[in-house]
file coords.pdb (PDB, C-alpha atoms)
MODEL        1
ATOM      1  CA  MET Y  17      95.901 134.126 100.506
ATOM      2  CA  LYS Y  18      98.902 132.437  98.980
ATOM      3  CA  GLN Y  19      98.432 128.972  97.447
ATOM      4  CA  GLN Y  20     100.212 126.338  99.550
ATOM      5  CA  LYS Y  21     102.841 124.190  97.886
ATOM      6  CA  GLN Y  22     101.962 120.538  97.684
ATOM      7  CA  VAL Y  23     103.763 117.565  99.037
ATOM      8  CA  GLY Y  24     102.141 114.749  97.141
ATOM      9  CA  PRO Y  25     102.811 111.042  97.250
ATOM     10  CA  SER Y  26     105.557 109.645  95.049
ATOM     11  CA  HIS Y  27     105.623 106.419  93.143
ATOM     12  CA  THR Y  28     105.891 103.414  95.458
ATOM     13  CA  LYS Y  29     109.029 102.037  93.833
ATOM     14  CA  ARG Y  30     110.865 105.365  94.107
ATOM     15  CA  MET Y  31     109.918 105.651  97.764
ATOM     16  CA  GLU Y  32     111.035 102.100  98.533
ATOM     17  CA  GLU Y  33     114.409 102.833  96.926
ATOM     18  CA  LYS Y  34     114.748 106.043  98.939
ATOM     19  CA  PHE Y  35     113.931 104.259 102.215
ATOM     20  CA  ILE Y  36     116.572 101.555 101.843
ATOM     21  CA  GLY Y  37     119.254 102.283 104.425
ATOM     22  CA  LYS Y  38     117.596 105.511 105.611
ATOM     23  CA  PRO Y  39     116.948 106.092 109.315
ATOM     24  CA  ILE Y  40     113.446 105.365 110.510
ATOM     25  CA  LEU Y  41     112.583 108.123 112.982
ATOM     26  CA  ILE Y  42     109.321 106.565 114.125
ATOM     27  CA  ASP Y  43     108.329 102.993 113.299
ATOM     28  CA  LYS Y  44     104.623 102.139 113.460
ATOM     29  CA  PRO Y  45     103.417 105.411 115.012
ATOM     30  CA  ASN Y  46     100.142 105.321 116.911
ATOM     31  CA  ILE Y  47      97.227 106.470 114.749
ATOM     32  CA  ASP Y  48      96.138 108.762 117.603
ATOM     33  CA  ASP Y  49      99.405 110.738 117.307
ATOM     34  CA  TRP Y  50      98.823 112.019 113.767
ATOM     35  CA  TYR Y  51      97.709 115.469 112.638
ATOM     36  CA  VAL Y  52      96.544 116.094 109.073
ATOM     37  CA  LYS Y  53      96.064 119.135 106.864
ATOM     38  CA  LEU Y  54      94.192 118.936 103.581
ATOM     39  CA  VAL Y  55      96.021 121.219 101.164
ATOM     40  CA  GLU Y  56      94.117 120.381  98.003
ATOM     41  CA  MET Y  57      91.798 117.718  96.676
ATOM     42  CA  LEU Y  58      93.273 114.370  97.725
ATOM     43  CA  GLN Y  59      96.490 116.076  98.829
ATOM     44  CA  GLN Y  60      97.372 116.232 102.490
ATOM     45  CA  ASN Y  61     100.326 116.871 104.730
ATOM     46  CA  TRP Y  62     100.809 114.801 107.863
ATOM     47  CA  ALA Y  63     102.479 115.905 111.090
ATOM     48  CA  ILE Y  64     103.516 114.071 114.219
ATOM     49  CA  ILE Y  65     105.047 115.334 117.445
ATOM     50  CA  LYS Y  66     108.277 113.645 118.499
ATOM     51  CA  LEU Y  67     109.409 114.050 122.091
ATOM     52  CA  GLY Y  68     113.041 113.708 123.113
ATOM     53  CA  GLU Y  69     115.876 116.039 124.051
ATOM     54  CA  THR Y  70     113.965 118.550 121.962
ATOM     55  CA  THR Y  71     110.310 118.528 120.951
ATOM     56  CA  GLN Y  72     109.909 118.351 117.199
ATOM     57  CA  ILE Y  73     107.008 118.615 114.817
ATOM     58  CA  ILE Y  74     107.851 116.314 111.942
ATOM     59  CA  PHE Y  75     106.034 116.860 108.644
ATOM     60  CA  VAL Y  76     105.691 113.982 106.186
ATOM     61  CA  ASN Y  77     103.915 113.087 102.970
ATOM     62  CA  ASP Y  78     101.648 110.049 102.531
ATOM     63  CA  PRO Y  79     104.450 107.450 102.353
ATOM     64  CA  GLY Y  80     106.059 108.890 105.522
ATOM     65  CA  ASP Y  81     108.943 110.738 103.870
ATOM     66  CA  VAL Y  82     110.028 113.669 106.087
ATOM     67  CA  PHE Y  83     109.936 116.991 104.224
ATOM     68  CA  ASP Y  84     110.244 119.460 107.115
ATOM     69  CA  ILE Y  85     110.930 119.641 110.866
ATOM     70  CA  ILE Y  86     110.231 122.423 113.352
ATOM     71  CA  GLU Y  87     111.534 122.437 116.935
ATOM     72  CA  VAL Y  88     109.208 123.832 119.585
ATOM     73  CA  LYS Y  89     109.254 124.326 123.364
ATOM     74  CA  ASP Y  90     107.048 121.401 124.399
ATOM     75  CA  GLN Y  91     104.214 119.069 123.373
ATOM     76  CA  GLU Y  92     101.468 121.551 124.263
ATOM     77  CA  THR Y  93     103.094 124.261 122.123
ATOM     78  CA  ALA Y  94     103.442 121.790 119.251
ATOM     79  CA  HIS Y  95      99.757 120.860 119.441
ATOM     80  CA  ASP Y  96      98.662 124.514 119.644
ATOM     81  CA  LYS Y  97     100.861 125.539 116.693
ATOM     82  CA  LEU Y  98      99.584 122.680 114.542
ATOM     83  CA  MET Y  99      95.972 123.617 115.263
ATOM     84  CA  GLN Y 100      96.699 127.312 114.658
ATOM     85  CA  ASN Y 101      98.192 126.461 111.262
ATOM     86  CA  GLY Y 102      95.272 124.453 109.912
ATOM     87  CA  PHE Y 103      96.136 120.927 111.017
ATOM     88  CA  ASP Y 104      93.512 118.721 112.648
ATOM     89  CA  LYS Y 105      94.077 115.864 115.057
ATOM     90  CA  PHE Y 106      93.348 112.848 112.841
ATOM     91  CA  SER Y 107      91.754 110.816 115.624
ATOM     92  CA  SER Y 108      89.614 113.697 116.917
ATOM     93  CA  PRO Y 109      85.814 113.301 116.755
ATOM     94  CA  SER Y 110      85.684 116.746 115.139
ATOM     95  CA  TRP Y 111      87.798 115.415 112.252
ATOM     96  CA  LYS Y 112      85.006 113.147 110.992
ATOM     97  CA  ARG Y 113      84.982 113.940 107.302
ATOM     98  CA  PRO Y 114      83.951 111.929 104.233
ATOM     99  CA  LEU Y 115      87.626 111.284 103.442
ATOM    100  CA  ASP Y 116      88.168 109.335 106.664
ATOM    101  CA  GLU Y 117      87.438 106.119 104.841
ATOM    102  CA  ILE Y 118      90.256 106.615 102.329
ATOM    103  CA  LEU Y 119      92.860 108.534 104.344
ATOM    104  CA  THR Y 120      95.448 106.440 106.110
ATOM    105  CA  PRO Y 121      98.322 107.940 108.076
ATOM    106  CA  PRO Y 122     101.847 106.786 107.204
ATOM    107  CA  PHE Y 123     102.970 103.565 108.884
ATOM    108  CA  LYS Y 124     106.482 104.901 109.552
ATOM    109  CA  VAL Y 125     108.428 108.145 109.481
ATOM    110  CA  VAL Y 126     111.612 107.947 107.421
ATOM    111  CA  ASP Y 127     114.253 110.644 107.126
ATOM    112  CA  THR Y 128     115.689 110.632 103.619
ATOM    113  CA  GLY Y 129     117.603 113.835 104.364
ATOM    114  CA  GLU Y 130     115.659 115.851 101.792
ATOM    115  CA  ARG Y 131     113.959 119.002 103.108
ATOM    116  CA  ARG Y 132     111.468 121.288 101.402
ATOM    117  CA  LYS Y 133     111.108 123.642 104.404
ATOM    118  CA  ILE Y 134     107.497 124.434 103.588
ATOM    119  CA  TYR Y 135     106.632 125.206 107.200
ATOM    120  CA  SER Y 136     109.996 125.970 108.830
ATOM    121  CA  SER Y 137     110.603 128.755 106.310
ATOM    122  CA  GLY Y 138     107.690 130.619 107.922
ATOM    123  CA  GLU Y 139     105.948 131.070 104.576
ATOM    124  CA  TYR Y 140     103.036 128.792 105.569
ATOM    125  CA  TRP Y 141     103.516 128.836 109.348
ATOM    126  CA  VAL Y 142     102.519 131.435 111.936
TER     127      VAL Y 142
ENDMDL
END

call {"tool": "encode", "arguments": {"input": "coords.pdb", "output": "structure tokens"}}
result
Amino acid sequence: MKQQKQVGPSHTKRMEEKFIGKPILIDKPNIDDWYVKLVEMLQQNWAIIKLGETTQIIFVNDPGDVFDIIEVKDQETAHDKLMQNGFDKFSSPSWKRPLDEILTPPFKVVDTGERRKIYSSGEYWV
């Protein structure tokens, strides 16, 4: 199996500079809305489903910087695809892992305009 690329956290100062003037897609998302995928030791990717004119799965790193977006048919499809691709619902009782104590979902989702297309390219998404 191919090694997944990492989307690790950046330095706080750099992220703060990137967020200035950038659109906040979701401010203070509910902790129950997050999905998480551990990609390597202390490295995780976060995903959240955004409903609107289109249903989107938004992928972010620890500070909440969007790195990829996939549009899907509806919320149920989004949930199923996330689960199928190795994400777990963060608030799910089945997610109880030792890292729960140190993992914290992002407190906002900010679109800096930069995309890495890790999932939307299809390379790590079925």

call {"tool": "atom_distance", "arguments": {"input": "coords.pdb", "atom1": "CA of Thr120 (chain Y)", "atom2": "CA of Asp78 (chain Y)"}}
result
8.0 Å

call {"tool": "resolve_selection", "arguments": {"input": "coords.pdb", "expression": "the PyMOL selection byres ((chain Y and resi 95) around 10)", "output": "ChimeraX atom specification"}}
result
/Y:51,64-65,73,88,90-94,96-100,103-105

call {"tool": "resolve_selection", "arguments": {"input": "coords.pdb", "expression": "the PyMOL selection byres ((chain Y and resi 87) around 6)", "output": "list in words"}}
result
Thr71, Gln72, Ile86 and Val88 of chain Y

call {"tool": "residues_around", "arguments": {"input": "coords.pdb", "residues": "Leu41 (chain Y)", "least_positions_apart": "3", "cutoff": "8 Å", "atoms": "all atoms listed in the file", "output": "PDB file with C-alpha atoms, in the coordinates of the input"}}
result
ATOM      1  CA  LYS Y 124     106.482 104.901 109.552  1.00  0.00           C
ATOM      2  CA  VAL Y 125     108.428 108.145 109.481  1.00  0.00           C
ATOM      3  CA  VAL Y 126     111.612 107.947 107.421  1.00  0.00           C
ATOM      4  CA  ASP Y 127     114.253 110.644 107.126  1.00  0.00           C
TER       5      ASP Y 127
END

call {"tool": "closest_residue", "arguments": {"input": "coords.pdb", "among": "Y:Asn101, Y:Asn46, Y:Asn61, Y:Asn77", "to": "Gly138 (chain Y)", "atoms": "only C-alpha atoms"}}
result
Y:Asn101

call {"tool": "atom_distance", "arguments": {"input": "coords.pdb", "atom1": "CA of Lys133 (chain Y)", "atom2": "CA of Asp81 (chain Y)"}}
result
13.1 Å

call {"tool": "closest_residue", "arguments": {"input": "coords.pdb", "among": "Y:Pro39, Y:Gly102, Y:Gly68, Y:Pro45", "to": "Phe123 (chain Y)", "atoms": "all atoms listed in the file"}}
result
Y:Pro45

call {"tool": "atom_distance", "arguments": {"input": "coords.pdb", "atom1": "CA of Arg132 (chain Y)", "atom2": "CA of Ser108 (chain Y)"}}
result
27.9 Å

call {"tool": "closest_residue", "arguments": {"input": "coords.pdb", "among": "Y:Lys89, Y:Pro122, Y:Asp84, Y:Ser137", "to": "Asp49 (chain Y)", "atoms": "only C-alpha atoms"}}
result
Y:Pro122

call {"tool": "closest_residue", "arguments": {"input": "coords.pdb", "among": "Y:Pro121, Y:Ser107, Y:Val52, Y:Trp62", "to": "Ile85 (chain Y)", "atoms": "all atoms listed in the file"}}
result
Y:Trp62

call {"tool": "closest_residue", "arguments": {"input": "coords.pdb", "among": "Y:Asp48, Y:Glu69, Y:Ile42, Y:Lys53", "to": "Tyr140 (chain Y)", "atoms": "all atoms listed in the file"}}
result
Y:Lys53

call {"tool": "axis_aligned_box", "arguments": {"input": "coords.pdb", "around": "region 59-78 of chain Y", "padding_each_side": "5 Å", "output": "lines of an AutoDock Vina configuration file"}}
result
center_x = 106.2
center_y = 114.3
center_z = 111.4
size_x = 29.4
size_y = 18.6
size_z = 35.2

call {"tool": "closest_residue", "arguments": {"input": "coords.pdb", "among": "Y:Ser110, Y:Ile118, Y:Phe75, Y:Asp43", "to": "Ile134 (chain Y)", "atoms": "all atoms listed in the file"}}
result
Y:Phe75
